[in-house]
Amino acid sequence: MEFAKNITRVSALALGIAGVLAYGDVHAAAFQLKENSVKAQGRAMAGAASAKGDASVVVNNPAVMSTFTERTLQADVTAIDLSYEFEGSGTAATGTPFQQPLTGGNGGDAGDVAAVPAASFILPLSGDFEYLTLGMMISAPFGLKTDYDEGWKGRYHALESDVKIIDLTLAASLELSDRFSVGAGFIYEHADVTLSNAVDFGTIICGRSPAACVGPTAQFGPQRNDGFASINGTDNGLGWIVGMNWRPTDKLSLGYSHRSEIDHELDGDAVFEVPANVRAALGNGVFINGGGGADLTTPAIDAFSATYYATDRFTVMAEATRTDWSSLQEIRIEFDNPAQPDSVEDYSWDENWFYSIGGEYKFSDKFTFRAGVARDDSPVSRPHRTPRLPDQDRMWYSLGMTWNVSEHFELSASYVKIDIVDTPEVDLTNSTRARLVGDFEGGADLFGVAMQYKF
């Protein structure tokens, strides 16, 4: 039977790693994190690649580092309070004689509170190198975490998903004139992925040996012989960033930056928990602990930015960012175990755009206030939406402020409310024929604090 043929191709990574590699959060499209600057968050990231006075330009547009005249140390941290709740139903062994409703609850709140830190340092040079500025920054451009209750309806699609991608960026900017500067940087990126999900071994056995699932005394059946699969994989990759900053007048600053794709060859270990009666029926050829890997390419990003200093006190910013998620068309998983065939999952993602507008008002020499609004379009279409990535278009509403404690030291804070534009719906069937149908209610609150010290 075709069902039996397909079911024997189930693998640890196919049961979830492709989803977690692409899973994200409601604070930025897909699994992108924009939280590298509390100042920029206060104006919905408007002006992130063109505004002066924010050391996060090391990763947002290194060309703007030329506007710094003092050594600057900056530390930012954002707490993301994420909420994701599912409501729906589904069937196990869909389309087979053994089809039955999925048991379990709705998974609880899959979100949690997570901290995203960033730290940057900018060093203007002097003497013969006065036109050169160096910078360094540690940031987290991608990843987050979701965790569903054990035994929920979607357990065969996702339980825990944990993605950590951390960058070290070393950059330099060159001031070509009083009005124009360029910048470039080198990115060293570390990726660490951990995930888990339940495995419906009962349905697998029924697909291979239907007679084993017939009758009131049958020891196998859908949702009767659940097991567990988990995977961890890591890799290091290299990338680059370039940027330009044109200041045609004292009131206007225009910025453009391009961040490259970064290729990862994730290598890790798969661990299975298989019921004893299932192991006896399956044999030792498949679903055994061992190594596996998958390629992942994080997307290229283009940012177009403008800052207009309307008066000595009021500034208007705008930003448009294109993230080329077409780098993620499929995930192909390969295993060290020759008995475990490759598994391929289709994503067919497209590019997405982020648009924002915001402003700052210098209330006094001590306090500056910010506000902004943004729209973040999702690259994920309904056929490719999963519980690991219930992604949808969203709106940002931001507020922020800076307190200049002294001539050299300042503190900043921001709050961002993110609302999903439309209800994310899922209707998907995995490789063990578990079909999950429903929708998600979600959103996020972002609370950021930062310090900057000039010396």
# chains A, B, ... in the order shown; residues from 1 in each chain; ligands from 1
>>> residues_around(residues="segment 122-126 of chain A", least_positions_apart="3", cutoff="6 Å", atoms="only C-alpha atoms", output="list in words")
Arg71, Thr72, Phe129, Glu130, Leu132, Thr133, Leu134 and Gly135 of chain A
>>> write_last_selection(atoms="N, CA and C atoms", output="mmCIF file, in the first residue's frame")
data_model
loop_
_atom_site.group_PDB
_atom_site.id
_atom_site.type_symbol
_atom_site.label_atom_id
_atom_site.label_comp_id
_atom_site.auth_asym_id
_atom_site.auth_seq_id
_atom_site.Cartn_x
_atom_site.Cartn_y
_atom_site.Cartn_z
ATOM 1 N N ARG A 71 34.249 56.973 21.641
ATOM 2 C CA ARG A 71 34.119 55.542 21.901
ATOM 3 C C ARG A 71 32.792 55.307 22.619
ATOM 4 N N THR A 72 32.036 54.333 22.151
ATOM 5 C CA THR A 72 30.682 54.127 22.668
ATOM 6 C C THR A 72 30.457 52.651 22.967
ATOM 7 N N PHE A 129 44.335 57.720 10.783
ATOM 8 C CA PHE A 129 43.180 56.859 10.512
ATOM 9 C C PHE A 129 41.875 57.504 10.993
ATOM 10 N N GLU A 130 41.822 58.829 11.028
ATOM 11 C CA GLU A 130 40.656 59.512 11.577
ATOM 12 C C GLU A 130 39.398 59.314 10.743
ATOM 13 N N LEU A 132 38.410 56.440 9.719
ATOM 14 C CA LEU A 132 38.041 55.042 9.897
ATOM 15 C C LEU A 132 37.442 54.829 11.283
ATOM 16 N N THR A 133 36.345 54.081 11.342
ATOM 17 C CA THR A 133 35.685 53.741 12.611
ATOM 18 C C THR A 133 35.486 52.238 12.663
ATOM 19 N N LEU A 134 35.804 51.635 13.787
ATOM 20 C CA LEU A 134 35.663 50.189 13.969
ATOM 21 C C LEU A 134 34.494 49.894 14.905
ATOM 22 N N GLY A 135 33.910 48.725 14.728
ATOM 23 C CA GLY A 135 32.794 48.338 15.582
ATOM 24 C C GLY A 135 32.722 46.842 15.795
#
>>> residues_around(residues="His258 of chain A", least_positions_apart="5", cutoff="9 Å", atoms="only C-alpha atoms", output="CSV table (one decimal) with all heavy atoms, in the first residue's frame")
chain,number,residue,atom,x,y,z
A,60,ASN,N,23.0,47.0,11.9
A,60,ASN,CA,21.9,47.5,11.1
A,60,ASN,C,22.4,48.3,9.9
A,60,ASN,O,21.7,48.3,8.8
A,60,ASN,CB,21.0,48.4,11.9
A,60,ASN,CG,20.2,47.6,12.9
A,60,ASN,OD1,19.8,46.4,12.7
A,60,ASN,ND2,20.1,48.1,14.2
A,61,ASN,N,23.5,49.0,10.0
A,61,ASN,CA,24.2,49.6,8.8
A,61,ASN,C,25.5,50.1,9.3
A,61,ASN,O,25.6,51.2,9.9
A,61,ASN,CB,23.3,50.8,8.3
A,61,ASN,CG,24.0,51.4,7.1
A,61,ASN,OD1,25.0,51.0,6.6
A,61,ASN,ND2,23.3,52.4,6.5
A,240,TRP,N,28.5,38.2,5.8
A,240,TRP,CA,29.0,39.6,5.7
A,240,TRP,C,27.9,40.6,5.6
A,240,TRP,O,26.7,40.2,5.3
A,240,TRP,CB,30.0,39.7,4.5
A,240,TRP,CG,29.4,39.2,3.2
A,240,TRP,CD1,29.5,37.9,2.7
A,240,TRP,CD2,28.6,39.9,2.2
A,240,TRP,NE1,28.8,37.8,1.5
A,240,TRP,CE2,28.3,39.0,1.2
A,240,TRP,CE3,28.1,41.2,2.1
A,240,TRP,CZ2,27.5,39.4,0.0
A,240,TRP,CZ3,27.4,41.6,1.0
A,240,TRP,CH2,27.1,40.7,0.0
A,241,ILE,N,28.2,41.8,5.8
A,241,ILE,CA,27.3,42.9,5.7
A,241,ILE,C,28.0,44.1,5.1
A,241,ILE,O,29.2,44.4,5.4
A,241,ILE,CB,26.6,43.3,7.1
A,241,ILE,CG1,25.6,44.3,7.0
A,241,ILE,CG2,27.7,43.6,8.1
A,241,ILE,CD1,24.8,44.6,8.3
A,242,VAL,N,27.3,44.9,4.3
A,242,VAL,CA,27.8,46.1,3.7
A,242,VAL,C,26.7,47.2,3.8
A,242,VAL,O,25.5,46.9,4.0
A,242,VAL,CB,28.2,46.0,2.2
A,242,VAL,CG1,29.4,45.0,2.1
A,242,VAL,CG2,27.0,45.5,1.4
A,243,GLY,N,27.1,48.5,3.8
A,243,GLY,CA,26.2,49.5,4.0
A,243,GLY,C,26.7,50.9,3.4
A,243,GLY,O,27.9,51.0,3.2
A,300,ALA,N,19.1,36.5,3.2
A,300,ALA,CA,19.7,37.8,3.0
A,300,ALA,C,18.6,38.9,3.3
A,300,ALA,O,17.4,38.7,3.2
A,300,ALA,CB,20.0,38.0,1.5
A,301,ILE,N,19.2,40.0,3.8
A,301,ILE,CA,18.3,41.1,4.3
A,301,ILE,C,18.8,42.4,3.7
A,301,ILE,O,20.0,42.8,3.7
A,301,ILE,CB,18.3,41.2,5.8
A,301,ILE,CG1,17.9,39.9,6.4
A,301,ILE,CG2,17.4,42.4,6.3
A,301,ILE,CD1,18.0,39.9,8.0
A,302,ASP,N,17.8,43.2,3.1
A,302,ASP,CA,18.1,44.5,2.5
A,302,ASP,C,17.3,45.5,3.3
A,302,ASP,O,16.1,45.4,3.5
A,302,ASP,CB,17.8,44.6,1.1
A,302,ASP,CG,18.7,43.8,0.2
A,302,ASP,OD1,19.8,44.2,-0.1
A,302,ASP,OD2,18.3,42.6,-0.2
A,303,ALA,N,18.0,46.6,3.8
A,303,ALA,CA,17.3,47.7,4.5
A,303,ALA,C,17.4,49.0,3.8
A,303,ALA,O,18.6,49.4,3.4
A,303,ALA,CB,17.8,47.7,6.0
>>> select_by_dssp(residues="segment 330-440 of chain A", states="strand (DSSP E)", output="PyMOL selection string")
chain A and resi 330-335+343-346+352-362+367-376+394-404+409-420+425-429+435-440
>>> write_last_selection(atoms="C-alpha atoms", output="mmCIF file, in the first residue's frame")
data_model
loop_
_atom_site.group_PDB
_atom_site.id
_atom_site.type_symbol
_atom_site.label_atom_id
_atom_site.label_comp_id
_atom_site.auth_asym_id
_atom_site.auth_seq_id
_atom_site.Cartn_x
_atom_site.Cartn_y
_atom_site.Cartn_z
ATOM 1 C CA GLU A 330 12.899 22.875 1.407
ATOM 2 C CA ILE A 331 14.630 21.059 4.222
ATOM 3 C CA ARG A 332 16.373 17.820 3.261
ATOM 4 C CA ILE A 333 17.364 15.595 6.154
ATOM 5 C CA GLU A 334 20.108 13.016 5.781
ATOM 6 C CA PHE A 335 20.917 10.283 8.322
ATOM 7 C CA SER A 343 13.307 13.070 4.207
ATOM 8 C CA VAL A 344 12.298 16.241 2.383
ATOM 9 C CA GLU A 345 9.782 18.816 3.575
ATOM 10 C CA ASP A 346 8.534 21.576 1.295
ATOM 11 C CA ASN A 352 8.693 39.458 3.074
ATOM 12 C CA TRP A 353 8.646 43.221 3.649
ATOM 13 C CA PHE A 354 8.686 45.188 6.890
ATOM 14 C CA TYR A 355 7.531 48.843 6.739
ATOM 15 C CA SER A 356 7.735 51.297 9.606
ATOM 16 C CA ILE A 357 7.425 54.988 10.381
ATOM 17 C CA GLY A 358 8.294 56.661 13.646
ATOM 18 C CA GLY A 359 9.570 59.757 15.335
ATOM 19 C CA GLU A 360 11.445 61.248 18.253
ATOM 20 C CA TYR A 361 10.751 64.360 20.290
ATOM 21 C CA LYS A 362 13.477 65.885 22.437
ATOM 22 C CA PHE A 367 14.543 63.324 28.048
ATOM 23 C CA THR A 368 13.678 62.151 24.526
ATOM 24 C CA PHE A 369 10.417 60.380 23.687
ATOM 25 C CA ARG A 370 9.684 58.037 20.773
ATOM 26 C CA ALA A 371 6.761 56.374 19.012
ATOM 27 C CA GLY A 372 6.250 54.332 15.883
ATOM 28 C CA VAL A 373 4.069 51.920 13.948
ATOM 29 C CA ALA A 374 5.008 49.118 11.548
ATOM 30 C CA ARG A 375 3.566 46.379 9.402
ATOM 31 C CA ASP A 376 5.434 43.093 9.078
ATOM 32 C CA ARG A 394 1.337 41.506 12.131
ATOM 33 C CA MET A 395 1.317 45.155 13.280
ATOM 34 C CA TRP A 396 3.779 46.868 15.648
ATOM 35 C CA TYR A 397 2.794 49.719 18.002
ATOM 36 C CA SER A 398 5.789 51.188 19.811
ATOM 37 C CA LEU A 399 6.707 53.689 22.525
ATOM 38 C CA GLY A 400 10.107 54.578 23.944
ATOM 39 C CA MET A 401 12.208 57.104 25.801
ATOM 40 C CA THR A 402 15.817 57.983 26.654
ATOM 41 C CA TRP A 403 17.077 59.608 29.848
ATOM 42 C CA ASN A 404 20.401 61.389 29.515
ATOM 43 C CA PHE A 409 25.754 58.078 30.191
ATOM 44 C CA GLU A 410 22.173 57.440 29.080
ATOM 45 C CA LEU A 411 19.390 54.936 29.774
ATOM 46 C CA SER A 412 16.665 53.944 27.312
ATOM 47 C CA ALA A 413 13.440 51.953 27.538
ATOM 48 C CA SER A 414 10.826 50.781 25.044
ATOM 49 C CA TYR A 415 7.512 48.965 24.856
ATOM 50 C CA VAL A 416 6.143 47.260 21.759
ATOM 51 C CA LYS A 417 2.693 45.746 21.316
ATOM 52 C CA ILE A 418 2.439 43.270 18.429
ATOM 53 C CA ASP A 419 -0.950 42.201 17.104
ATOM 54 C CA ILE A 420 -1.597 39.558 14.473
ATOM 55 C CA GLU A 425 -5.079 28.879 10.459
ATOM 56 C CA VAL A 426 -3.460 25.469 10.119
ATOM 57 C CA ASP A 427 -4.594 22.426 8.160
ATOM 58 C CA LEU A 428 -1.766 19.969 7.753
ATOM 59 C CA THR A 429 -1.108 16.255 7.695
ATOM 60 C CA ARG A 435 -4.125 15.791 10.469
ATOM 61 C CA LEU A 436 -4.385 18.935 12.603
ATOM 62 C CA VAL A 437 -7.012 21.569 11.800
ATOM 63 C CA GLY A 438 -7.576 24.789 13.736
ATOM 64 C CA ASP A 439 -6.330 28.287 14.400
ATOM 65 C CA PHE A 440 -4.105 30.180 16.803
#
>>> atom_distance(atom1="atom CA of Pro387 of chain A", atom2="atom CA of Gln340 of chain A")
25.1 Å
>>> select_by_dssp(residues="segment 142-354 of chain A", states="alpha helix (DSSP H)", output="list in words")
Phe201, Gly202, Thr203, Ile204, Ile205, Cys206, Gly207, Arg208, Ala276, Asn277, Val278, Arg279, Ala280, Ala281 and Leu282 of chain A
>>> write_last_selection(atoms="all heavy atoms", output="compact mmCIF listing (two decimals), in the first residue's frame")
# COMPACT_ATOMS: atom_id res chain seq x y z
N PHE A 201 3.61 5.60 16.81
CA PHE A 201 4.10 4.33 16.32
C PHE A 201 2.96 3.35 16.04
O PHE A 201 3.09 2.46 15.20
CB PHE A 201 5.07 3.71 17.33
CG PHE A 201 6.43 4.36 17.33
CD1 PHE A 201 6.86 5.10 18.42
CD2 PHE A 201 7.26 4.24 16.24
CE1 PHE A 201 8.11 5.69 18.43
CE2 PHE A 201 8.51 4.84 16.23
CZ PHE A 201 8.94 5.57 17.33
N GLY A 202 1.83 3.52 16.73
CA GLY A 202 0.68 2.65 16.47
C GLY A 202 0.22 2.75 15.03
O GLY A 202 -0.07 1.74 14.36
N THR A 203 0.14 4.00 14.51
CA THR A 203 -0.25 4.20 13.12
C THR A 203 0.80 3.64 12.17
O THR A 203 0.47 3.10 11.11
CB THR A 203 -0.49 5.69 12.85
OG1 THR A 203 -1.63 6.13 13.61
CG2 THR A 203 -0.76 5.95 11.38
N ILE A 204 2.08 3.77 12.53
CA ILE A 204 3.14 3.22 11.68
C ILE A 204 2.99 1.70 11.56
O ILE A 204 3.08 1.14 10.46
CB ILE A 204 4.51 3.59 12.25
CG1 ILE A 204 4.73 5.12 12.18
CG2 ILE A 204 5.63 2.87 11.50
CD1 ILE A 204 5.99 5.60 12.84
N ILE A 205 2.76 1.03 12.67
CA ILE A 205 2.58 -0.43 12.64
C ILE A 205 1.34 -0.80 11.82
O ILE A 205 1.37 -1.73 11.01
CB ILE A 205 2.46 -0.99 14.07
CG1 ILE A 205 3.76 -0.73 14.85
CG2 ILE A 205 2.14 -2.48 14.04
CD1 ILE A 205 4.97 -1.43 14.30
N CYS A 206 0.26 -0.05 12.00
CA CYS A 206 -0.97 -0.34 11.24
C CYS A 206 -0.73 -0.18 9.74
O CYS A 206 -1.34 -0.91 8.93
CB CYS A 206 -2.11 0.56 11.70
SG CYS A 206 -2.69 0.25 13.38
N GLY A 207 0.11 0.78 9.35
CA GLY A 207 0.40 0.96 7.94
C GLY A 207 1.19 -0.17 7.36
O GLY A 207 1.01 -0.54 6.19
N ARG A 208 2.08 -0.78 8.18
CA ARG A 208 2.91 -1.87 7.68
C ARG A 208 2.22 -3.22 7.80
O ARG A 208 2.38 -4.09 6.93
CB ARG A 208 4.23 -1.91 8.47
CG ARG A 208 5.06 -0.65 8.31
CD ARG A 208 6.35 -0.71 9.10
NE ARG A 208 7.23 -1.77 8.61
CZ ARG A 208 8.44 -2.03 9.14
NH1 ARG A 208 8.87 -1.31 10.15
NH2 ARG A 208 9.18 -2.99 8.64
N ALA A 276 8.50 -1.04 23.86
CA ALA A 276 9.13 -2.34 23.65
C ALA A 276 8.39 -3.17 22.60
O ALA A 276 9.03 -3.81 21.75
CB ALA A 276 9.20 -3.10 24.98
N ASN A 277 7.05 -3.18 22.64
CA ASN A 277 6.32 -3.99 21.66
C ASN A 277 6.47 -3.43 20.25
O ASN A 277 6.47 -4.17 19.27
CB ASN A 277 4.86 -4.14 22.05
CG ASN A 277 4.13 -2.80 22.12
OD1 ASN A 277 4.75 -1.73 22.17
ND2 ASN A 277 2.80 -2.86 22.16
N VAL A 278 6.63 -2.11 20.14
CA VAL A 278 6.85 -1.49 18.83
C VAL A 278 8.23 -1.86 18.31
O VAL A 278 8.40 -2.19 17.13
CB VAL A 278 6.70 0.03 18.92
CG1 VAL A 278 7.14 0.69 17.61
CG2 VAL A 278 5.26 0.41 19.23
N ARG A 279 9.25 -1.82 19.19
CA ARG A 279 10.60 -2.18 18.77
C ARG A 279 10.64 -3.61 18.25
O ARG A 279 11.30 -3.92 17.25
CB ARG A 279 11.57 -2.00 19.94
CG ARG A 279 13.00 -2.46 19.66
CD ARG A 279 13.61 -1.72 18.47
NE ARG A 279 13.83 -0.32 18.77
CZ ARG A 279 14.00 0.60 17.84
NH1 ARG A 279 13.91 0.27 16.56
NH2 ARG A 279 14.20 1.86 18.17
N ALA A 280 9.93 -4.49 18.94
CA ALA A 280 9.91 -5.89 18.50
C ALA A 280 9.26 -6.02 17.13
O ALA A 280 9.69 -6.83 16.30
CB ALA A 280 9.17 -6.75 19.53
N ALA A 281 8.23 -5.21 16.87
CA ALA A 281 7.55 -5.29 15.58
C ALA A 281 8.33 -4.62 14.46
O ALA A 281 8.33 -5.09 13.32
CB ALA A 281 6.15 -4.66 15.71
N LEU A 282 9.00 -3.51 14.78
CA LEU A 282 9.74 -2.76 13.76
C LEU A 282 11.11 -3.36 13.47
O LEU A 282 11.63 -3.22 12.36
CB LEU A 282 9.93 -1.31 14.21
CG LEU A 282 8.72 -0.39 14.16
CD1 LEU A 282 9.08 0.97 14.74
CD2 LEU A 282 8.19 -0.23 12.74
>>> residues_around(residues="segment 172-179 of chain A", least_positions_apart="5", cutoff="9 Å", atoms="only C-alpha atoms", output="PyMOL selection string")
chain A and resi 58+62-67+130-136+184-185+243+245-250
>>> write_last_selection(atoms="N, CA and C atoms", output="mmCIF file, in the first residue's frame")
data_model
loop_
_atom_site.group_PDB
_atom_site.id
_atom_site.type_symbol
_atom_site.label_atom_id
_atom_site.label_comp_id
_atom_site.auth_asym_id
_atom_site.auth_seq_id
_atom_site.Cartn_x
_atom_site.Cartn_y
_atom_site.Cartn_z
ATOM 1 N N VAL A 58 26.134 48.864 14.051
ATOM 2 C CA VAL A 58 27.163 47.886 13.689
ATOM 3 C C VAL A 58 26.553 46.763 12.853
ATOM 4 N N PRO A 62 26.621 49.397 9.072
ATOM 5 C CA PRO A 62 27.919 49.802 9.618
ATOM 6 C C PRO A 62 28.422 51.136 9.079
ATOM 7 N N ALA A 63 27.893 51.620 7.945
ATOM 8 C CA ALA A 63 28.332 52.905 7.408
ATOM 9 C C ALA A 63 28.032 54.052 8.367
ATOM 10 N N VAL A 64 26.965 53.930 9.171
ATOM 11 C CA VAL A 64 26.567 55.001 10.085
ATOM 12 C C VAL A 64 27.530 55.119 11.262
ATOM 13 N N MET A 65 28.397 54.146 11.461
ATOM 14 C CA MET A 65 29.378 54.253 12.546
ATOM 15 C C MET A 65 30.265 55.484 12.376
ATOM 16 N N SER A 66 30.427 55.978 11.137
ATOM 17 C CA SER A 66 31.268 57.156 10.901
ATOM 18 C C SER A 66 30.720 58.419 11.551
ATOM 19 N N THR A 67 29.457 58.417 11.963
ATOM 20 C CA THR A 67 28.874 59.590 12.616
ATOM 21 C C THR A 67 29.241 59.666 14.094
ATOM 22 N N GLU A 130 41.822 58.829 11.028
ATOM 23 C CA GLU A 130 40.656 59.512 11.577
ATOM 24 C C GLU A 130 39.398 59.314 10.743
ATOM 25 N N TYR A 131 39.530 58.864 9.512
ATOM 26 C CA TYR A 131 38.352 58.624 8.672
ATOM 27 C C TYR A 131 37.826 57.193 8.812
ATOM 28 N N LEU A 132 38.410 56.440 9.719
ATOM 29 C CA LEU A 132 38.041 55.042 9.897
ATOM 30 C C LEU A 132 37.442 54.829 11.283
ATOM 31 N N THR A 133 36.345 54.081 11.342
ATOM 32 C CA THR A 133 35.685 53.741 12.611
ATOM 33 C C THR A 133 35.486 52.238 12.663
ATOM 34 N N LEU A 134 35.804 51.635 13.787
ATOM 35 C CA LEU A 134 35.663 50.189 13.969
ATOM 36 C C LEU A 134 34.494 49.894 14.905
ATOM 37 N N GLY A 135 33.910 48.725 14.728
ATOM 38 C CA GLY A 135 32.794 48.338 15.582
ATOM 39 C C GLY A 135 32.722 46.842 15.795
ATOM 40 N N MET A 136 32.097 46.453 16.879
ATOM 41 C CA MET A 136 31.893 45.042 17.207
ATOM 42 C C MET A 136 30.536 44.907 17.876
ATOM 43 N N ALA A 184 31.440 47.994 6.083
ATOM 44 C CA ALA A 184 31.401 46.564 5.795
ATOM 45 C C ALA A 184 31.717 45.799 7.066
ATOM 46 N N GLY A 185 31.206 44.573 7.140
ATOM 47 C CA GLY A 185 31.431 43.772 8.330
ATOM 48 C C GLY A 185 31.504 42.293 8.019
ATOM 49 N N GLY A 243 27.147 48.458 3.841
ATOM 50 C CA GLY A 243 26.176 49.537 3.956
ATOM 51 C C GLY A 243 26.709 50.851 3.426
ATOM 52 N N ASN A 245 25.807 55.288 3.818
ATOM 53 C CA ASN A 245 25.078 56.338 4.516
ATOM 54 C C ASN A 245 25.371 57.677 3.827
ATOM 55 N N TRP A 246 24.313 58.263 3.267
ATOM 56 C CA TRP A 246 24.426 59.537 2.557
ATOM 57 C C TRP A 246 23.671 60.587 3.344
ATOM 58 N N ARG A 247 24.368 61.689 3.648
ATOM 59 C CA ARG A 247 23.784 62.791 4.395
ATOM 60 C C ARG A 247 23.813 64.042 3.510
ATOM 61 N N PRO A 248 22.845 64.155 2.569
ATOM 62 C CA PRO A 248 22.904 65.249 1.590
ATOM 63 C C PRO A 248 22.780 66.631 2.208
ATOM 64 N N THR A 249 22.088 66.723 3.347
ATOM 65 C CA THR A 249 21.990 67.983 4.084
ATOM 66 C C THR A 249 22.146 67.676 5.560
ATOM 67 N N ASP A 250 22.235 68.725 6.354
ATOM 68 C CA ASP A 250 22.345 68.528 7.797
ATOM 69 C C ASP A 250 21.073 67.928 8.385
#
>>> closest_residue(among="A:Gly227, A:Gly442, A:Gly88, A:Gly448", to="Gly111 of chain A", atoms="only C-alpha atoms")
A:Gly442
>>> atom_distance(atom1="atom CA of Ala49 of chain A", atom2="atom CA of Lys145 of chain A")
27.6 Å
>>> residues_around(residues="Gln329 of chain A", least_positions_apart="5", cutoff="6 Å", atoms="only C-alpha atoms", output="JSON, numbers by chain")
{"A": [347, 348, 349]}
>>> residues_around(residues="Gln74 of chain A", least_positions_apart="2", cutoff="7 Å", atoms="only C-alpha atoms", output="MDAnalysis selection string")
chainID A and resid 55 72 76 119:121 451:453
>>> residues_around(residues="Trp325 of chain A", least_positions_apart="5", cutoff="6 Å", atoms="only C-alpha atoms", output="number ranges by chain")
A: 299, 349-351
>>> residues_around(residues="Glu265 of chain A", least_positions_apart="2", cutoff="8 Å", atoms="only C-alpha atoms", output="PyMOL selection string")
chain A and resi 235+263+267+293-296
>>> closest_residue(among="A:Glu35, A:Ser181, A:Val271, A:Thr298", to="Gly237 of chain A", atoms="only C-alpha atoms")
A:Thr298
>>> closest_residue(among="A:Gly290, A:Pro338, A:Pro97, A:Gly127", to="Ala229 of chain A", atoms="only C-alpha atoms")
A:Gly290
>>> atom_distance(atom1="atom CA of Tyr148 of chain A", atom2="atom CA of Gln41 of chain A")
28.7 Å
>>> closest_residue(among="A:Gly90, A:Gly292, A:Pro210, A:Pro424", to="Gly154 of chain A", atoms="only C-alpha atoms")
A:Gly90
>>> closest_residue(among="A:Ala110, A:Val380, A:Leu170, A:Val193", to="Ser83 of chain A", atoms="only C-alpha atoms")
A:Ala110
>>> decode(residues="segment 213-226 of chain A", atoms="N, CA and C atoms", output="compact mmCIF listing (two decimals), in the first residue's frame")
# COMPACT_ATOMS: atom_id res chain seq x y z
N CYS A 213 -3.68 -4.54 13.82
CA CYS A 213 -4.50 -3.50 14.45
C CYS A 213 -5.99 -3.84 14.42
N VAL A 214 -6.32 -5.07 14.05
CA VAL A 214 -7.73 -5.45 13.91
C VAL A 214 -8.14 -6.30 15.11
N GLY A 215 -9.33 -6.02 15.64
CA GLY A 215 -9.87 -6.83 16.72
C GLY A 215 -9.74 -6.17 18.07
N PRO A 216 -10.60 -6.55 19.02
CA PRO A 216 -10.61 -5.91 20.33
C PRO A 216 -9.35 -6.17 21.15
N THR A 217 -8.58 -7.21 20.83
CA THR A 217 -7.38 -7.53 21.60
C THR A 217 -6.10 -7.06 20.90
N ALA A 218 -6.25 -6.30 19.81
CA ALA A 218 -5.08 -5.85 19.06
C ALA A 218 -4.20 -4.98 19.95
N GLN A 219 -2.89 -5.23 19.91
CA GLN A 219 -1.98 -4.46 20.77
C GLN A 219 -1.49 -3.18 20.11
N PHE A 220 -1.80 -3.00 18.82
CA PHE A 220 -1.38 -1.80 18.12
C PHE A 220 -2.57 -1.03 17.58
N GLY A 221 -2.41 0.26 17.46
CA GLY A 221 -3.46 1.10 16.88
C GLY A 221 -3.09 2.56 16.98
N PRO A 222 -3.70 3.42 16.20
CA PRO A 222 -3.42 4.86 16.25
C PRO A 222 -3.58 5.41 17.66
N GLN A 223 -2.61 6.19 18.12
CA GLN A 223 -2.60 6.87 19.41
C GLN A 223 -2.51 5.91 20.60
N ARG A 224 -2.24 4.61 20.33
CA ARG A 224 -2.15 3.62 21.42
C ARG A 224 -0.71 3.25 21.73
N ASN A 225 0.21 3.61 20.87
CA ASN A 225 1.61 3.19 21.05
C ASN A 225 2.54 4.38 20.81
N ASP A 226 2.27 5.46 21.52
CA ASP A 226 3.05 6.66 21.30
C ASP A 226 4.48 6.51 21.81
